[in-house]
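First comes the structure, then the notes that go with it.
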Amino acid sequence: MSDKSKTEKSELSRRDFIRSAAVTGAGVLLAQNATGQDTGTKKVDDLNVGIIGTGSQGRVLIAACLKIPGIRYKAVCDIWKYSQKYASNILKKFGQPVNVYQDYQDMLAKEKDLDAILIATPDWVHAEHTIACLKAGKHVYCEKEMSNDLGKAKQMVLTARETGKLLQIGHQRRSNPRYWHAKRLIEKDKILGRVTQAYGQWNRSVAQSQELGWPKKYTMDEATLKKYGYDSMKQFRNWRWFKKYSGGAIADLGSHQIDIFNWFLATEPKTVLASGGLDYYKNREWYDTIMAIYQYAPPAGTVRAFYQVLNTTSYGGYYEAFMGDEGSLVISEDTSVGYFFREVQAKRREWEDDADKVSKMGKNAITLKIGETRKKSGKKDEKALQMEEDAKKPIHQPHLENFFAAVRDPKNVKLNCPGEIGYETAVTVLRVNTAVAEQKALDFKPDDFKV
Ligand SMILES: NC(=O)c1ccc[n+]([C@@H]2O[C@H](COP(=O)([O-])OP(=O)(O)OC[C@H]3O[C@@H](n4cnc5c(N)ncnc54)[C@H](O)[C@@H]3O)[C@@H](O)[C@H]2O)c1
């Protein structure tokens, strides 16, 4: 794609962003301004928020926050003018003018009344940013992968403990009502019987794995790039490809889904073996193909879990599957993917009659819809109805809501993904790269996951 068409695409997405936010509720903020309800005075429940890193994910988080009542952006920090402008313009349009910073230290020195800071910078600077914010007395929501360096990830957890501030890691499936529903069906209703295997994949085509460009008028000069640790604009934009900045595709994509293995199986793995390499591309460092097999030992018996991330084919897209002796469940953050296959000998659930049926891979499947499970009376469960509503929100919103609810009421609201869990996931995920490099199976010890 040419730089011009990329810029046009950005402009387009900016318009789409504003339109969709207005349609889905962020417009309420504007209406409040217009009617004078939001006077700029901080209400008791309002939270002042800053963000470091307003690239593509930073903007997704901003869009989700605009739908959460009482969240007021005060400051935006990014080393790149393009990202600074993008985010500050959007926030201004939604009645939240912000101070803009290039350097986070400057932001922390000047913005004394921030309650919380979101961090959506590349993985290699998460620890530096998180630790500084926690030490400055701010609660932190930090994107996954927590860090590409486990020593630094551990320091993040320790600093959160020392400062008594909250640290939520952005594994947002942990707050997704569809995943909660699936987990309950597996754990409580035992719809899979004994879970025996799990599978996950995130496959992206060559077209989805191309080099990212930038509008030429926003090229950063060499001195600024160097100051912030980048050798070139190509490295800066495509940081995911390089070992210094990222844990590669297994961390970028796999971490979301391997986190679900740990969460749903309610334990960490015992071993991992993996194969992978840079089989196709010449312009990057990290592997484009990885296939990993974990062995878990939950109380009910061994579970083997296969995970693959491929950057040369979009075949099958992205999803997770859990298989047991009575059925299989397939789920994805893509809301169009969610099914349950029951083995013929397994017990039939009363809610099956009302659930939608689909044919998948030549078999009859039941679509996994929240709210489809019912009480014996035939009435829908109140909690299920609420979850059904929450499942319509943008995928990051419930995780952010959980974070802000905990900031407001830390005694009564638990984080769904505190630093400790982010660390367990990072240990589970990053060991795959070692297994690929060493071409052998590696053991995990229980202490490996502890901080
Ligand atoms: N939870 C999810 O679903 C999800 C999805 C995508 C990305 N992410 C995570 O979000 C983070 C950002 O990813 P992205 O896709 O937005 O990347 P990106 O390259 O689009 O954005 C990164 C931004 O950080 C800025 N930046 C870089 N170094 C900085 C520094 N030292 N100080 C301040 N700003 C700096 C860049 O200028 C850029 O604007 C990553 O950790 C990624 O893993 C999470």
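We name chains A, B, ... following the order of the structure tokens; residues begin at 1 in each chain, and ligands are numbered from 1 as shown.
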List every residue of chain A that has an atom at most 6 Å from any atom of ligand 1, giving for each one its closest atom pair and the distance in Å to one decimal, counting only C-alpha atoms and all ligand atoms, sorted by chain and then by ascending residue number, as a Markdown table.
| residue | atom | partner | partner_atom_place_in_ligand_line | distance |
| --- | --- | --- | --- | --- |
| A:Ile52 | CA | ligand 1 | 33 (C) | 5.4 |
| A:Gly53 | CA | ligand 1 | 24 (O) | 3.7 |
| A:Thr54 | CA | ligand 1 | 39 (O) | 4.7 |
| A:Gly55 | CA | ligand 1 | 21 (O) | 3.3 |
| A:Ser56 | CA | ligand 1 | 16 (O) | 3.9 |
| A:Gln57 | CA | ligand 1 | 16 (O) | 3.6 |
| A:Gly58 | CA | ligand 1 | 16 (O) | 5.5 |
| A:Cys77 | CA | ligand 1 | 33 (C) | 5.8 |
| A:Asp78 | CA | ligand 1 | 34 (N) | 3.7 |
| A:Ile79 | CA | ligand 1 | 34 (N) | 4.5 |
| A:Trp80 | CA | ligand 1 | 37 (O) | 4.3 |
| A:Ser83 | CA | ligand 1 | 39 (O) | 4.8 |
| A:Ala120 | CA | ligand 1 | 11 (C) | 4.1 |
| A:Thr121 | CA | ligand 1 | 24 (O) | 3.8 |
| A:Pro122 | CA | ligand 1 | 40 (C) | 4.5 |
| A:Asp123 | CA | ligand 1 | 41 (O) | 4.4 |
| A:Glu143 | CA | ligand 1 | 41 (O) | 5.0 |
| A:Lys144 | CA | ligand 1 | 43 (O) | 5.1 |
| A:Glu145 | CA | ligand 1 | 43 (O) | 5.4 |
| A:Gly170 | CA | ligand 1 | 1 (N) | 5.1 |
| A:His171 | CA | ligand 1 | 1 (N) | 5.8 |
| A:Tyr228 | CA | ligand 1 | 31 (N) | 5.6 |
| A:Arg237 | CA | ligand 1 | 19 (O) | 5.5 |
| A:Asp252 | CA | ligand 1 | 43 (O) | 5.3 |
Show me, as a tab-separated table, the residues of stretch 196-247 of chain A having an atom within 12 Å of stretch 291-300 of chain A, each with the closest atom pair and its distance in Å, using only C-alpha atoms.
residue	atom	partner	partner_atom	distance
A:Thr196	CA	A:Ala300	CA	9.0
A:Gln197	CA	A:Gln295	CA	9.3
A:Ala198	CA	A:Tyr294	CA	9.3
A:Tyr199	CA	A:Ile293	CA	9.2
A:Gly200	CA	A:Ala292	CA	9.9
A:Gln201	CA	A:Met291	CA	9.2
A:Trp202	CA	A:Met291	CA	10.9
A:Asn203	CA	A:Met291	CA	11.4
Discussion item. Between A:Pro394, A:Phe236, A:Gly324, A:Gly248, which residue has the minimum interatomic distance to A:Leu212, considering only C-alpha atoms?
Written reply: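 Smallest separation from A:Leu212 among the options: A:Phe236.
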Practice prompt. Quick one: everything within 9 Å of stretch 259-268 of chain A, counting only C-alpha atoms, minus sequence neighbours fewer than 3 positions away in the same chain. Send it as an NGL selection string.
Written response: :A and (171 or 173-174 or 179 or 182-183 or 186-187 or 195 or 198-200 or 254-256 or 296-298 or 303 or 305 or 320 or 322 or 421-422 or 424-426 or 428-429 or 444 or 446 or 449)
Worksheet, complete the sentence: From the list A:Thr312, A:Glu420, A:Val407, A:Glu285, the nearest residue to A:Lys138 using only C-alpha atoms is A:Val407
Discussion item. Based on the backbone DSSP call, show me all residues of stretch 35-244 of chain A assigned strand (DSSP E), as a ChimeraX atom specification.
Written reply: /A:47-52,71-77,99-101,116-119,139-142,167-169,195-203
Could you take the residues named above and write them with C-alpha atoms, as a CSV table (one decimal), in the first residue's frame?
chain,number,residue,atom,x,y,z
A,47,LEU,CA,-11.3,9.4,37.4
A,48,ASN,CA,-8.6,11.5,35.7
A,49,VAL,CA,-6.7,9.4,33.2
A,50,GLY,CA,-3.6,9.6,31.2
A,51,ILE,CA,-2.3,7.4,28.5
A,52,ILE,CA,1.3,6.6,27.3
A,71,ILE,CA,-13.5,8.6,32.7
A,72,ARG,CA,-11.9,11.9,31.8
A,73,TYR,CA,-8.7,12.0,29.8
A,74,LYS,CA,-6.3,14.7,31.0
A,75,ALA,CA,-3.0,13.8,29.3
A,76,VAL,CA,-1.6,11.9,26.4
A,77,CYS,CA,2.0,11.0,25.9
A,99,ASN,CA,-2.2,18.1,27.6
A,100,VAL,CA,0.2,16.5,25.2
A,101,TYR,CA,3.6,15.2,26.1
A,116,ALA,CA,-4.7,6.1,36.6
A,117,ILE,CA,-2.5,5.7,33.5
A,118,LEU,CA,-3.0,3.3,30.6
A,119,ILE,CA,0.1,2.0,28.9
A,139,HIS,CA,-2.8,2.9,39.2
A,140,VAL,CA,-1.8,1.3,35.9
A,141,TYR,CA,-3.5,-0.6,33.1
A,142,CYS,CA,-0.7,-2.0,31.0
A,167,LEU,CA,-1.7,-3.2,38.0
A,168,GLN,CA,-4.1,-4.7,35.5
A,169,ILE,CA,-2.6,-6.5,32.4
A,195,VAL,CA,-11.2,-32.2,29.6
A,196,THR,CA,-8.5,-34.0,27.7
A,197,GLN,CA,-7.0,-31.7,25.1
A,198,ALA,CA,-7.0,-28.0,24.1
A,199,TYR,CA,-6.2,-26.3,20.9
A,200,GLY,CA,-5.6,-22.7,19.9
A,201,GLN,CA,-4.5,-20.8,16.8
A,202,TRP,CA,-4.0,-17.4,15.3
A,203,ASN,CA,-3.3,-17.5,11.6
Worksheet item: So which one's closest to A:Ala321, A:Gly151, A:Trp180, A:Ile258, A:Asp354? Using only C-alpha atoms, please.
Response: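 Comparing A:Gly151, A:Trp180, A:Ile258, A:Asp354 against A:Ala321, the winner is A:Ile258.
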Item to complete: Report the distance between atom CA of A:Gly277 and atom CA of A:Gly316 in Å, rounded to one decimal place.
Response: 20.6 Å
Discussion item. Among stretch 17-190 of chain A, which ones does DSSP assign to alpha helix (DSSP H) (computed from the backbone)? Answer as a VMD selection string.
Written reply: chain A and resid 17 to 24 27 to 34 56 to 65 81 to 93 104 to 110 126 to 135 150 to 163 177 to 187
Save out the residues we just selected, C-alpha atoms, as a PDB file, in the first residue's frame.
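Contents of part.pdb, as written:
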ATOM      1  CA  PHE A  17     -13.885   6.068  14.872  1.00  0.00           C
ATOM      2  CA  ILE A  18     -15.784   9.268  15.534  1.00  0.00           C
ATOM      3  CA  ARG A  19     -18.943   8.003  13.857  1.00  0.00           C
ATOM      4  CA  SER A  20     -18.976   4.690  15.702  1.00  0.00           C
ATOM      5  CA  ALA A  21     -18.172   6.264  19.060  1.00  0.00           C
ATOM      6  CA  ALA A  22     -20.968   8.784  18.574  1.00  0.00           C
ATOM      7  CA  VAL A  23     -23.477   6.099  17.600  1.00  0.00           C
ATOM      8  CA  THR A  24     -22.579   3.808  20.462  1.00  0.00           C
ATOM      9  CA  GLY A  27     -21.649  11.132  22.015  1.00  0.00           C
ATOM     10  CA  VAL A  28     -23.328  11.316  25.394  1.00  0.00           C
ATOM     11  CA  LEU A  29     -20.242  13.162  26.590  1.00  0.00           C
ATOM     12  CA  LEU A  30     -20.755  15.836  23.978  1.00  0.00           C
ATOM     13  CA  ALA A  31     -24.411  16.147  24.897  1.00  0.00           C
ATOM     14  CA  GLN A  32     -23.454  16.549  28.500  1.00  0.00           C
ATOM     15  CA  ASN A  33     -21.118  19.373  27.574  1.00  0.00           C
ATOM     16  CA  ALA A  34     -23.749  21.041  25.472  1.00  0.00           C
ATOM     17  CA  SER A  56      -3.320   1.615  17.122  1.00  0.00           C
ATOM     18  CA  GLN A  57      -4.080  -0.104  20.454  1.00  0.00           C
ATOM     19  CA  GLY A  58      -3.928   3.126  22.468  1.00  0.00           C
ATOM     20  CA  ARG A  59      -6.692   4.493  20.253  1.00  0.00           C
ATOM     21  CA  VAL A  60      -8.774   1.344  20.726  1.00  0.00           C
ATOM     22  CA  LEU A  61      -8.498   1.810  24.495  1.00  0.00           C
ATOM     23  CA  ILE A  62      -9.440   5.485  24.211  1.00  0.00           C
ATOM     24  CA  ALA A  63     -12.516   4.600  22.120  1.00  0.00           C
ATOM     25  CA  ALA A  64     -13.608   2.022  24.719  1.00  0.00           C
ATOM     26  CA  CYS A  65     -13.038   4.470  27.594  1.00  0.00           C
ATOM     27  CA  LYS A  81       3.729  13.491  16.679  1.00  0.00           C
ATOM     28  CA  TYR A  82       1.366  11.522  14.444  1.00  0.00           C
ATOM     29  CA  SER A  83       0.055   9.474  17.383  1.00  0.00           C
ATOM     30  CA  GLN A  84      -0.066  12.521  19.676  1.00  0.00           C
ATOM     31  CA  LYS A  85      -2.196  14.448  17.209  1.00  0.00           C
ATOM     32  CA  TYR A  86      -4.474  11.531  16.401  1.00  0.00           C
ATOM     33  CA  ALA A  87      -5.375  10.887  20.025  1.00  0.00           C
ATOM     34  CA  SER A  88      -5.567  14.485  21.225  1.00  0.00           C
ATOM     35  CA  ASN A  89      -7.800  15.475  18.278  1.00  0.00           C
ATOM     36  CA  ILE A  90     -10.219  12.650  19.002  1.00  0.00           C
ATOM     37  CA  LEU A  91     -10.363  13.439  22.694  1.00  0.00           C
ATOM     38  CA  LYS A  92     -10.909  17.128  21.970  1.00  0.00           C
ATOM     39  CA  LYS A  93     -13.827  16.248  19.686  1.00  0.00           C
ATOM     40  CA  TYR A 104       6.440  10.282  30.107  1.00  0.00           C
ATOM     41  CA  GLN A 105       8.708  11.724  32.804  1.00  0.00           C
ATOM     42  CA  ASP A 106       7.601  15.195  31.859  1.00  0.00           C
ATOM     43  CA  MET A 107       3.973  14.040  32.028  1.00  0.00           C
ATOM     44  CA  LEU A 108       4.420  12.483  35.467  1.00  0.00           C
ATOM     45  CA  ALA A 109       6.194  15.604  36.758  1.00  0.00           C
ATOM     46  CA  LYS A 110       3.414  17.939  35.602  1.00  0.00           C
ATOM     47  CA  HIS A 126       6.155  -1.520  29.392  1.00  0.00           C
ATOM     48  CA  ALA A 127       8.259  -2.155  32.491  1.00  0.00           C
ATOM     49  CA  GLU A 128       9.981   1.235  32.422  1.00  0.00           C
ATOM     50  CA  HIS A 129       6.664   3.046  31.964  1.00  0.00           C
ATOM     51  CA  THR A 130       4.680   0.939  34.424  1.00  0.00           C
ATOM     52  CA  ILE A 131       7.257   1.117  37.199  1.00  0.00           C
ATOM     53  CA  ALA A 132       7.615   4.906  36.871  1.00  0.00           C
ATOM     54  CA  CYS A 133       3.834   5.416  36.935  1.00  0.00           C
ATOM     55  CA  LEU A 134       3.318   3.131  39.943  1.00  0.00           C
ATOM     56  CA  LYS A 135       6.128   4.932  41.802  1.00  0.00           C
ATOM     57  CA  LEU A 150      10.693 -11.796  32.491  1.00  0.00           C
ATOM     58  CA  GLY A 151      13.065 -10.071  34.921  1.00  0.00           C
ATOM     59  CA  LYS A 152      11.416  -6.761  34.077  1.00  0.00           C
ATOM     60  CA  ALA A 153       7.918  -8.272  34.270  1.00  0.00           C
ATOM     61  CA  LYS A 154       8.744  -9.469  37.792  1.00  0.00           C
ATOM     62  CA  GLN A 155       9.849  -5.958  38.748  1.00  0.00           C
ATOM     63  CA  MET A 156       6.491  -4.624  37.567  1.00  0.00           C
ATOM     64  CA  VAL A 157       4.653  -6.959  39.954  1.00  0.00           C
ATOM     65  CA  LEU A 158       7.004  -6.180  42.840  1.00  0.00           C
ATOM     66  CA  THR A 159       6.600  -2.431  42.318  1.00  0.00           C
ATOM     67  CA  ALA A 160       2.804  -2.739  42.320  1.00  0.00           C
ATOM     68  CA  ARG A 161       3.058  -4.585  45.650  1.00  0.00           C
ATOM     69  CA  GLU A 162       5.504  -2.091  47.157  1.00  0.00           C
ATOM     70  CA  THR A 163       3.487   0.959  46.141  1.00  0.00           C
ATOM     71  CA  PRO A 177     -18.672 -12.327  29.365  1.00  0.00           C
ATOM     72  CA  ARG A 178     -18.625 -14.919  26.576  1.00  0.00           C
ATOM     73  CA  TYR A 179     -15.443 -16.423  28.019  1.00  0.00           C
ATOM     74  CA  TRP A 180     -16.851 -16.336  31.563  1.00  0.00           C
ATOM     75  CA  HIS A 181     -19.910 -18.139  30.263  1.00  0.00           C
ATOM     76  CA  ALA A 182     -17.829 -20.788  28.471  1.00  0.00           C
ATOM     77  CA  LYS A 183     -15.624 -21.296  31.531  1.00  0.00           C
ATOM     78  CA  ARG A 184     -18.700 -21.827  33.698  1.00  0.00           C
ATOM     79  CA  LEU A 185     -20.137 -24.344  31.250  1.00  0.00           C
ATOM     80  CA  ILE A 186     -16.883 -26.307  31.363  1.00  0.00           C
ATOM     81  CA  GLU A 187     -16.142 -26.038  35.097  1.00  0.00           C
TER      82      GLU A 187
END
Practice prompt. Find the residue from A:Gly247, A:Pro97, A:Gly137, A:Pro69 that sits nearest to A:Lys165; use only C-alpha atoms when measuring.
Written response: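 The closest residue to A:Lys165 is A:Gly137.
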Worksheet item: Closest to A:Gly164 among A:Pro410, A:Val436, A:Ser328, A:Thr367, using only C-alpha atoms?
Response: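 When distances to A:Gly164 are compared using only C-alpha atoms, the smallest one comes from A:Pro410.
For A:Val358, the set of protein, DNA and RNA residues having any atom at most 10 Å away, when counting only C-alpha atoms and skipping those fewer than 4 positions along the same chain, is Tyr339, Phe340, Gly362, Lys363, Asn364, Ala365, Ile366 and Thr367 of chain A.
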Could the residues in this selection be written to a file with N, CA and C atoms, as a PDB file, in the first residue's frame?
ATOM      1  N   TYR A 339     -19.135 -22.404  19.582  1.00  0.00           N
ATOM      2  CA  TYR A 339     -19.990 -23.588  19.396  1.00  0.00           C
ATOM      3  C   TYR A 339     -19.702 -24.617  20.458  1.00  0.00           C
ATOM      4  N   PHE A 340     -20.662 -25.518  20.616  1.00  0.00           N
ATOM      5  CA  PHE A 340     -20.477 -26.668  21.507  1.00  0.00           C
ATOM      6  C   PHE A 340     -20.915 -27.907  20.737  1.00  0.00           C
ATOM      7  N   GLY A 362     -19.391 -30.718   9.198  1.00  0.00           N
ATOM      8  CA  GLY A 362     -20.181 -31.919   9.005  1.00  0.00           C
ATOM      9  C   GLY A 362     -20.869 -32.447  10.260  1.00  0.00           C
ATOM     10  N   LYS A 363     -20.817 -31.672  11.345  1.00  0.00           N
ATOM     11  CA  LYS A 363     -21.462 -32.126  12.582  1.00  0.00           C
ATOM     12  C   LYS A 363     -22.441 -31.066  13.058  1.00  0.00           C
ATOM     13  N   ASN A 364     -23.470 -31.510  13.788  1.00  0.00           N
ATOM     14  CA  ASN A 364     -24.393 -30.544  14.370  1.00  0.00           C
ATOM     15  C   ASN A 364     -23.758 -29.918  15.592  1.00  0.00           C
ATOM     16  N   ALA A 365     -23.815 -28.599  15.655  1.00  0.00           N
ATOM     17  CA  ALA A 365     -23.244 -27.904  16.812  1.00  0.00           C
ATOM     18  C   ALA A 365     -24.298 -26.978  17.402  1.00  0.00           C
ATOM     19  N   ILE A 366     -24.102 -26.640  18.670  1.00  0.00           N
ATOM     20  CA  ILE A 366     -25.008 -25.716  19.359  1.00  0.00           C
ATOM     21  C   ILE A 366     -24.256 -24.404  19.490  1.00  0.00           C
ATOM     22  N   THR A 367     -24.865 -23.304  19.074  1.00  0.00           N
ATOM     23  CA  THR A 367     -24.136 -22.032  19.181  1.00  0.00           C
ATOM     24  C   THR A 367     -24.066 -21.619  20.646  1.00  0.00           C
TER      25      THR A 367
END
